[in-house]
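The structure file target24.tsv is reproduced below (TSV, C-alpha atoms and all ligand atoms).
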```
chain	number	residue	atom	x	y	z
A	1	MET	CA	69.09	119.04	-146.28
A	2	PHE	CA	69.95	122.71	-146.50
A	3	ASP	CA	72.59	124.15	-148.77
A	4	ARG	CA	74.81	127.04	-147.81
A	5	TYR	CA	72.36	129.52	-149.38
A	6	GLY	CA	69.57	128.29	-147.11
A	7	ARG	CA	67.68	126.36	-149.79
A	8	ASN	CA	65.90	123.23	-148.54
A	9	ILE	CA	66.88	120.47	-150.98
A	10	ASN	CA	64.10	117.91	-150.79
A	11	TYR	CA	63.54	116.89	-154.40
A	12	LEU	CA	65.55	114.23	-156.25
A	13	ARG	CA	65.22	113.59	-159.98
A	14	ILE	CA	66.48	110.18	-161.03
A	15	SER	CA	67.36	109.34	-164.60
A	16	VAL	CA	66.70	105.62	-164.85
A	17	THR	CA	68.04	105.15	-168.37
A	18	ASP	CA	69.75	106.96	-171.23
A	19	ARG	CA	67.70	104.95	-173.78
A	20	CYS	CA	64.70	106.37	-175.58
A	21	ASN	CA	62.06	105.20	-178.04
A	22	LEU	CA	62.06	108.64	-179.74
A	23	ARG	CA	64.84	110.83	-181.12
A	24	CYS	CA	63.68	114.41	-180.55
A	25	LYS	CA	65.88	116.68	-182.63
A	26	TYR	CA	66.62	119.05	-179.76
A	27	CYS	CA	67.56	116.23	-177.39
A	28	MET	CA	69.25	113.33	-179.18
A	29	PRO	CA	71.26	112.83	-182.38
A	30	ALA	CA	69.56	110.81	-185.16
A	31	ASP	CA	71.99	107.95	-184.82
A	32	GLY	CA	75.42	107.11	-183.51
A	33	VAL	CA	74.25	107.54	-179.92
A	34	GLU	CA	76.79	105.86	-177.70
A	35	LYS	CA	74.74	103.89	-175.17
A	36	ILE	CA	75.86	103.59	-171.59
A	37	PRO	CA	76.77	99.90	-171.11
A	38	CYS	CA	74.06	98.04	-169.14
A	39	GLU	CA	76.48	97.05	-166.41
A	40	ASP	CA	77.24	100.73	-165.76
A	41	ILE	CA	73.60	101.53	-165.08
A	42	LEU	CA	72.43	101.43	-161.46
A	43	SER	CA	70.27	98.45	-160.55
A	44	TYR	CA	66.90	99.06	-158.89
A	45	GLU	CA	68.41	97.76	-155.63
A	46	GLU	CA	71.19	100.35	-155.83
A	47	ILE	CA	68.75	103.15	-156.64
A	48	ASP	CA	66.58	102.02	-153.75
A	49	ARG	CA	69.46	102.11	-151.30
A	50	ILE	CA	70.45	105.61	-152.38
A	51	VAL	CA	66.81	106.75	-152.14
A	52	GLY	CA	66.64	105.28	-148.61
A	53	VAL	CA	69.62	107.37	-147.46
A	54	MET	CA	68.27	110.48	-149.21
A	55	ALA	CA	64.84	109.97	-147.62
A	56	GLY	CA	66.54	109.85	-144.23
A	57	LEU	CA	68.18	113.19	-145.04
A	58	GLY	CA	64.94	114.95	-145.92
A	59	VAL	CA	64.18	114.16	-149.56
A	60	THR	CA	60.39	113.91	-149.87
A	61	LYS	CA	59.81	114.05	-153.60
A	62	ILE	CA	61.19	111.84	-156.38
A	63	ARG	CA	60.79	112.25	-160.13
A	64	LEU	CA	61.73	109.42	-162.49
A	65	THR	CA	63.00	110.54	-165.86
A	66	GLY	CA	65.52	109.63	-168.54
A	67	GLY	CA	65.97	109.08	-171.48
A	68	GLU	CA	62.52	107.60	-171.56
A	69	PRO	CA	61.77	106.03	-168.15
A	70	LEU	CA	59.10	103.73	-169.59
A	71	VAL	CA	61.61	101.88	-171.81
A	72	ARG	CA	63.49	100.58	-168.75
A	73	PRO	CA	62.23	97.03	-168.15
A	74	ASP	CA	59.97	96.54	-165.16
A	75	ILE	CA	59.97	100.19	-164.10
A	76	VAL	CA	56.85	99.41	-162.06
A	77	THR	CA	59.08	97.49	-159.62
A	78	LEU	CA	61.19	100.59	-158.99
A	79	VAL	CA	58.07	102.67	-158.34
A	80	LYS	CA	56.95	100.07	-155.78
A	81	LYS	CA	60.34	100.09	-154.06
A	82	ILE	CA	60.37	103.87	-153.78
A	83	ARG	CA	56.76	103.90	-152.54
A	84	ALA	CA	57.84	101.71	-149.63
A	85	HIS	CA	59.82	104.63	-148.13
A	86	PRO	CA	57.30	106.46	-145.93
A	87	GLN	CA	59.29	109.72	-146.02
A	88	ILE	CA	58.77	109.97	-149.80
A	89	LYS	CA	55.51	111.84	-150.11
A	90	GLU	CA	55.35	112.23	-153.88
A	91	ILE	CA	56.57	110.12	-156.83
A	92	THR	CA	56.23	111.59	-160.30
A	93	MET	CA	57.54	110.81	-163.77
A	94	THR	CA	58.47	112.78	-166.88
A	95	THR	CA	57.69	110.76	-169.99
A	96	ASN	CA	56.97	111.17	-173.67
A	97	GLY	CA	53.77	109.21	-172.96
A	98	VAL	CA	54.10	106.79	-175.87
A	99	TYR	CA	53.94	103.68	-173.64
A	100	LEU	CA	51.49	105.08	-171.13
A	101	GLU	CA	48.45	103.59	-172.80
A	102	GLU	CA	49.64	100.14	-171.69
A	103	MET	CA	51.37	101.12	-168.45
A	104	ALA	CA	49.43	103.96	-166.78
A	105	GLN	CA	47.19	101.73	-164.66
A	106	SER	CA	49.97	99.49	-163.30
A	107	LEU	CA	52.14	102.54	-162.55
A	108	LYS	CA	49.30	104.09	-160.59
A	109	GLU	CA	48.74	100.86	-158.67
A	110	ALA	CA	52.48	100.67	-157.89
A	111	GLY	CA	52.30	104.11	-156.28
A	112	LEU	CA	53.14	106.66	-158.97
A	113	ASP	CA	51.26	109.87	-158.15
A	114	ARG	CA	51.28	111.76	-161.43
A	115	VAL	CA	53.02	112.35	-164.75
A	116	ASN	CA	54.42	115.20	-166.80
A	117	ILE	CA	54.07	114.37	-170.48
A	118	SER	CA	56.20	115.98	-173.18
A	119	LEU	CA	54.23	117.06	-176.24
A	120	ASP	CA	55.72	119.78	-178.42
A	121	THR	CA	53.14	119.84	-181.19
A	122	MET	CA	49.64	118.62	-181.93
A	123	LYS	CA	50.35	118.27	-185.66
A	124	PRO	CA	50.95	114.61	-186.64
A	125	GLU	CA	53.55	115.41	-189.33
A	126	GLY	CA	55.36	117.90	-187.10
A	127	TYR	CA	55.45	115.36	-184.25
A	128	HIS	CA	56.73	112.66	-186.58
A	129	ALA	CA	59.46	115.00	-187.89
A	130	MET	CA	60.58	116.48	-184.53
A	131	THR	CA	60.67	113.08	-182.77
A	132	ARG	CA	62.16	111.43	-185.86
A	133	GLY	CA	59.46	108.82	-186.31
A	134	GLY	CA	57.06	109.19	-183.36
A	135	ASP	CA	53.32	108.68	-183.71
A	136	LEU	CA	51.26	111.52	-182.23
A	137	LYS	CA	48.28	109.19	-181.76
A	138	LYS	CA	50.27	107.10	-179.26
A	139	ALA	CA	51.26	110.13	-177.20
A	140	LEU	CA	47.64	111.35	-177.14
A	141	ALA	CA	46.41	107.88	-176.18
A	142	GLY	CA	49.00	107.91	-173.39
A	143	ILE	CA	47.66	111.22	-172.07
A	144	ALA	CA	44.12	109.83	-172.12
A	145	ALA	CA	45.23	106.66	-170.29
A	146	ALA	CA	47.05	108.71	-167.64
A	147	LYS	CA	43.84	110.66	-167.02
A	148	ARG	CA	41.80	107.48	-166.73
A	149	ALA	CA	44.30	105.96	-164.31
A	150	GLY	CA	44.25	109.08	-162.12
A	151	LEU	CA	47.90	110.06	-162.67
A	152	THR	CA	46.71	113.61	-162.16
A	153	PRO	CA	47.00	116.56	-162.28
A	154	ILE	CA	48.65	115.98	-165.65
A	155	LYS	CA	51.19	118.50	-166.84
A	156	ILE	CA	51.99	118.80	-170.53
A	157	ASN	CA	55.51	120.07	-171.23
A	158	VAL	CA	55.97	122.02	-174.47
A	159	VAL	CA	59.47	123.10	-175.50
A	160	LEU	CA	58.97	126.32	-177.46
A	161	ILE	CA	60.89	126.37	-180.73
A	162	ASN	CA	60.63	129.33	-183.04
A	163	GLY	CA	59.50	128.32	-186.51
A	164	PHE	CA	58.32	124.92	-185.30
A	165	ASN	CA	55.57	125.28	-182.72
A	166	ASP	CA	55.26	129.00	-181.97
A	167	ASP	CA	52.16	128.98	-184.20
A	168	GLU	CA	50.52	126.51	-181.78
A	169	ILE	CA	50.83	128.62	-178.63
A	170	GLU	CA	47.15	129.61	-178.74
A	171	ASP	CA	46.06	125.99	-179.32
A	172	PHE	CA	48.09	124.69	-176.38
A	173	VAL	CA	46.79	127.46	-174.12
A	174	GLY	CA	43.28	126.61	-175.40
A	175	MET	CA	43.66	123.06	-173.99
A	176	THR	CA	43.51	124.51	-170.47
A	177	ARG	CA	40.12	126.13	-171.07
A	178	ASP	CA	38.00	122.98	-170.77
A	179	GLU	CA	40.45	120.42	-169.43
A	180	ALA	CA	42.01	120.20	-165.98
A	181	VAL	CA	45.53	119.94	-167.38
A	182	ASP	CA	48.43	122.31	-166.91
A	183	VAL	CA	50.33	123.23	-170.06
A	184	ARG	CA	53.87	124.39	-169.35
A	185	PHE	CA	56.00	126.13	-171.95
A	186	ILE	CA	59.73	125.51	-171.52
A	187	GLU	CA	62.40	127.67	-173.09
A	188	LEU	CA	64.75	125.76	-175.35
A	189	MET	CA	68.09	125.31	-173.58
A	190	PRO	CA	71.47	125.27	-175.36
A	191	ILE	CA	72.40	121.78	-174.16
A	192	GLY	CA	73.73	118.87	-176.25
A	193	GLU	CA	72.24	118.92	-179.77
A	194	VAL	CA	70.90	122.44	-179.37
A	195	ALA	CA	74.28	123.94	-178.51
A	196	THR	CA	74.99	124.27	-182.25
A	197	TRP	CA	71.50	125.46	-183.32
A	198	SER	CA	70.93	128.86	-184.86
A	199	LYS	CA	69.85	131.56	-182.40
A	200	SER	CA	66.74	132.08	-184.54
A	201	HIS	CA	65.10	128.99	-182.99
A	202	PHE	CA	65.19	130.44	-179.48
A	203	ILE	CA	62.23	132.45	-178.23
A	204	THR	CA	61.50	133.53	-174.72
A	205	ASN	CA	58.29	132.68	-172.91
A	206	GLU	CA	57.30	136.36	-173.18
A	207	GLU	CA	55.98	135.31	-176.58
A	208	VAL	CA	53.19	133.30	-174.87
A	209	LEU	CA	51.96	136.38	-173.03
A	210	LYS	CA	52.14	138.44	-176.21
A	211	ARG	CA	50.11	135.91	-178.19
A	212	VAL	CA	47.53	135.37	-175.42
A	213	PRO	CA	47.25	138.72	-173.63
A	214	GLY	CA	44.14	137.57	-171.71
A	215	LEU	CA	46.14	135.24	-169.45
A	216	LEU	CA	45.83	136.17	-165.79
A	217	PRO	CA	48.68	135.54	-163.29
A	218	VAL	CA	47.85	132.96	-160.59
A	219	LYS	CA	49.78	131.74	-157.57
A	220	ALA	CA	51.70	128.46	-157.94
A	221	GLU	CA	50.48	125.77	-155.52
A	222	ASP	CA	54.09	124.73	-154.96
A	223	PRO	CA	56.23	127.80	-154.15
A	224	SER	CA	59.42	125.98	-155.28
A	225	SER	CA	57.93	125.33	-158.75
A	226	PRO	CA	60.16	126.70	-161.52
A	227	ALA	CA	57.04	127.77	-163.43
A	228	THR	CA	55.17	131.04	-163.14
A	229	TYR	CA	51.49	130.29	-163.59
A	230	TYR	CA	48.68	131.97	-165.53
A	231	GLN	CA	45.11	131.04	-166.34
A	232	LEU	CA	42.54	131.84	-168.95
A	233	PRO	CA	39.54	133.55	-167.34
A	234	GLY	CA	37.34	130.62	-166.26
A	235	GLY	CA	39.92	128.08	-167.51
A	236	ARG	CA	40.04	124.69	-165.75
A	237	GLY	CA	43.79	124.16	-166.17
A	238	LYS	CA	46.76	126.48	-165.80
A	239	VAL	CA	49.45	127.73	-168.16
A	240	GLY	CA	52.99	127.57	-166.78
A	241	LEU	CA	56.03	129.39	-168.10
A	242	ILE	CA	59.38	127.81	-167.30
A	243	SER	CA	62.04	130.28	-168.28
A	244	PRO	CA	65.51	129.05	-167.29
A	245	ILE	CA	67.17	131.40	-169.76
A	246	SER	CA	65.19	134.63	-169.65
A	247	CYS	CA	64.25	134.43	-165.97
A	248	LYS	CA	66.45	132.27	-163.77
A	249	PHE	CA	64.76	130.53	-160.84
A	250	CYS	CA	67.95	129.30	-159.13
A	251	SER	CA	67.19	131.04	-155.83
A	252	LEU	CA	64.11	128.80	-155.45
A	253	CYS	CA	65.82	125.59	-156.58
A	254	ASN	CA	65.14	122.65	-154.26
A	255	ARG	CA	66.38	119.82	-156.48
A	256	ILE	CA	69.32	117.57	-157.17
A	257	ARG	CA	69.68	114.98	-159.92
A	258	MET	CA	71.14	111.54	-160.27
A	259	THR	CA	72.16	110.10	-163.63
A	260	SER	CA	71.46	106.48	-164.57
A	261	GLU	CA	75.08	105.59	-163.73
A	262	GLY	CA	74.69	107.08	-160.27
A	263	TYR	CA	76.42	110.43	-160.67
A	264	LEU	CA	74.93	113.07	-158.43
A	265	LYS	CA	74.48	116.42	-160.16
A	266	PRO	CA	73.86	119.21	-157.70
A	267	CYS	CA	72.82	121.50	-160.59
A	268	LEU	CA	71.51	120.60	-164.06
A	269	HIS	CA	73.64	123.29	-165.64
A	270	SER	CA	76.92	122.51	-163.93
A	271	ASN	CA	79.43	119.94	-165.11
A	272	GLU	CA	80.07	118.88	-161.51
A	273	GLU	CA	79.22	115.18	-160.96
A	274	ILE	CA	79.82	113.07	-157.86
A	275	PRO	CA	79.92	109.25	-158.30
A	276	LEU	CA	77.60	107.61	-155.75
A	277	ARG	CA	77.75	104.02	-156.95
A	278	PRO	CA	81.02	103.20	-155.13
A	279	LEU	CA	79.35	104.40	-151.90
A	280	VAL	CA	76.18	102.32	-152.07
A	281	ASP	CA	77.53	99.72	-149.63
A	282	SER	CA	78.80	102.37	-147.19
A	283	PRO	CA	75.72	104.27	-145.99
A	284	ASP	CA	77.69	106.53	-143.62
A	285	LEU	CA	80.05	107.62	-146.37
A	286	LEU	CA	77.13	108.01	-148.77
A	287	GLU	CA	75.32	110.20	-146.27
A	288	ALA	CA	78.39	112.38	-145.64
A	289	THR	CA	78.96	112.77	-149.39
A	290	LEU	CA	75.32	113.73	-149.98
A	291	ARG	CA	75.37	116.28	-147.17
A	292	ARG	CA	78.62	117.82	-148.43
A	293	THR	CA	77.52	117.93	-152.07
A	294	VAL	CA	74.15	119.44	-151.24
A	295	PHE	CA	75.75	122.01	-148.94
A	296	ASN	CA	78.00	123.10	-151.81
A	297	LYS	CA	75.26	123.20	-154.48
A	298	PRO	CA	76.11	126.02	-156.92
A	299	GLN	CA	74.27	129.25	-156.25
A	300	GLU	CA	73.10	129.66	-159.87
A	301	HIS	CA	73.69	128.65	-163.48
A	302	HIS	CA	75.48	130.73	-166.12
A	303	LEU	CA	73.75	129.59	-169.31
A	304	GLU	CA	73.02	133.14	-170.34
A	305	GLU	CA	76.81	133.72	-170.48
A	306	GLY	CA	77.20	130.95	-173.04
A	307	ASN	CA	78.17	128.25	-170.54
A	308	ILE	CA	77.81	124.86	-172.30
A	309	ILE	CA	76.99	121.63	-170.48
A	310	SER	CA	78.91	118.67	-171.84
A	311	ARG	CA	76.42	115.91	-170.90
A	312	GLU	CA	73.28	115.77	-173.04
A	313	MET	CA	69.76	116.10	-171.60
A	314	PHE	CA	68.84	112.48	-172.28
A	315	LYS	CA	71.85	111.39	-170.20
A	316	ILE	CA	71.22	113.78	-167.32
A	317	GLY	CA	67.45	113.46	-167.13
A	318	GLY	CA	65.44	116.56	-167.93
A	401	LIG	N1	61.75	111.18	-172.35
A	401	LIG	C1	61.06	111.94	-171.37
A	401	LIG	C2	60.35	113.11	-171.98
A	401	LIG	O1	60.61	113.45	-173.12
A	401	LIG	O2	59.51	113.68	-171.28
A	401	LIG	C3	61.93	112.38	-170.21
A	401	LIG	C4	63.31	112.87	-170.51
A	401	LIG	S1	63.40	114.38	-171.43
A	401	LIG	C5	65.15	114.62	-171.51
A	401	LIG	C6	62.82	115.52	-170.23
A	401	LIG	C7	62.40	116.89	-170.74
A	401	LIG	O3	63.54	117.57	-171.21
A	401	LIG	C8	61.40	116.85	-171.89
A	401	LIG	O4	60.27	117.65	-171.53
A	401	LIG	C9	62.15	117.47	-173.02
A	401	LIG	O5	61.30	118.18	-173.87
A	401	LIG	C10	63.13	118.38	-172.29
A	401	LIG	N2	64.31	118.76	-173.07
A	401	LIG	C11	65.20	117.96	-173.70
A	401	LIG	N3	66.17	118.70	-174.30
A	401	LIG	C12	65.86	120.01	-174.04
A	401	LIG	C13	66.45	121.27	-174.37
A	401	LIG	N4	67.58	121.33	-175.09
A	401	LIG	N5	65.86	122.40	-173.93
A	401	LIG	C14	64.72	122.35	-173.18
A	401	LIG	N6	64.11	121.20	-172.82
A	401	LIG	C15	64.68	120.05	-173.25
A	402	LIG	FE1	63.54	110.94	-175.77
A	402	LIG	FE2	62.50	112.69	-174.07
A	402	LIG	FE3	64.80	113.22	-175.35
A	402	LIG	FE4	62.55	113.17	-176.75
A	402	LIG	S1	63.03	114.60	-175.09
A	402	LIG	S2	64.50	112.17	-177.32
A	402	LIG	S3	61.41	111.64	-175.71
A	402	LIG	S4	64.49	111.66	-173.86
```

Translate this structure into structure tokens?
Amino acid sequence: MFDRYGRNINYLRISVTDRCNLRCKYCMPADGVEKIPCEDILSYEEIDRIVGVMAGLGVTKIRLTGGEPLVRPDIVTLVKKIRAHPQIKEITMTTNGVYLEEMAQSLKEAGLDRVNISLDTMKPEGYHAMTRGGDLKKALAGIAAAKRAGLTPIKINVVLINGFNDDEIEDFVGMTRDEAVDVRFIELMPIGEVATWSKSHFITNEEVLKRVPGLLPVKAEDPSSPATYYQLPGGRGKVGLISPISCKFCSLCNRIRMTSEGYLKPCLHSNEEIPLRPLVDSPDLLEATLRRTVFNKPQEHHLEEGNIISREMFKIGG
């Protein structure tokens, strides 16, 4: 599916739940989170039908996210259903990794190709504080299990927060020296909880290059990747910089998103949402709606102008 700017939209990110087993301070409030009622959340059959129509229109890559995708019961079944569509060449997941120790092997067997794991600090107390109660050991065990199961190449996502983990930049980069993992630094985005944070917490990814001047630029394997990649001389893994604020990558964007209630979001940073659930039983209408929405995908976001997105990250799916 091509949009009117000539971008080939072949990547769908599906948020399978708004629930999460952690409460990262930049993503969710401590309490009082209003949960989406269960009956409003798409069933696996509904997701599967939408994926089938999208696959017919040229979507080849699916990422499952949330909330935390591994808290949705029987997520392995959804992976199997998606795997049954031959047009879908790659199925990935973004997870905090806490449940991966138990689930990595069955996810791999169901057809999941690889995982991106969010890990913002390697300090146990810092992890506990930022996630409001999380246990770093579980996340690390999840990363190890994902490696054993072959959910590789593993990408570690680190949201850079000034005064919290900027002192760990060198350590995270150091992980890529001996291990075949990619560490990707993501600029903090002013969405949801973060919209009210002090500007002092925001740093650009330039900081990574300042702290580790020896990083050498390398070509991304996937040209539509939002990350620019670097490598330590002789390093086994890569270092990615994802800079939605300081360096927009909208012209390369190939993705659309679907929330757990079945709203299609043509752009993460736009408040435009198209309800797909009422169309699940009308494939022709669903197809026409998808084509039209993709064609009209916004050209770019306007976060740098102070544009605020009303839906929080854990509801959209990061
Ligand atoms: N629970 C899973 C996880 O944490 O990986 C998947 C959902 S989470 C919303 C997806 C990604 O969004 C995570 O890497 C998280 O760090 C990132 N994220 C959440 N809020 C963010 C923000 N305000 N700015 C930048 N990244 C954010
Ligand atoms: Fe949960 Fe992921 Fe949000 Fe953290 S970033 S609260 S793990 S959804």

Practice prompt. For Asn96 of chain A, please output as a ChimeraX atom specification all residues within 8 Å (counting only C-alpha atoms; exclusion window: fewer than 6 positions along the same chain).
Written response: /A:68,117-119,139

Worksheet entry | Residue with smallest distance to Lys219 of chain A - pool A:Gly240, A:Glu102, A:Glu206, A:Cys267, counting all atoms listed in the file | A:Gly240

Item to complete: Would you please work out which residue, of A:Glu125, A:Asp120, A:Glu261, A:Asp135, is nearest to Val98 of chain A when using all atoms listed in the file?
Response: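 Comparing A:Glu125, A:Asp120, A:Glu261, A:Asp135 against Val98 of chain A, the winner is A:Asp135.
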
Item to complete: Record the distance separating atom CA of Met28 of chain A and atom CA of Glu193 of chain A, expressed in Å with one decimal.
Response: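 Separation between atom CA of Met28 of chain A and atom CA of Glu193 of chain A: 6.4 Å.
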
Practice prompt. May I ask which of the residues A:Ile36, A:Val51, A:Met313, A:Leu216 is the closest one to ligand LIG 402 (chain A), counting all atoms listed in the file?
Written response: A:Met313
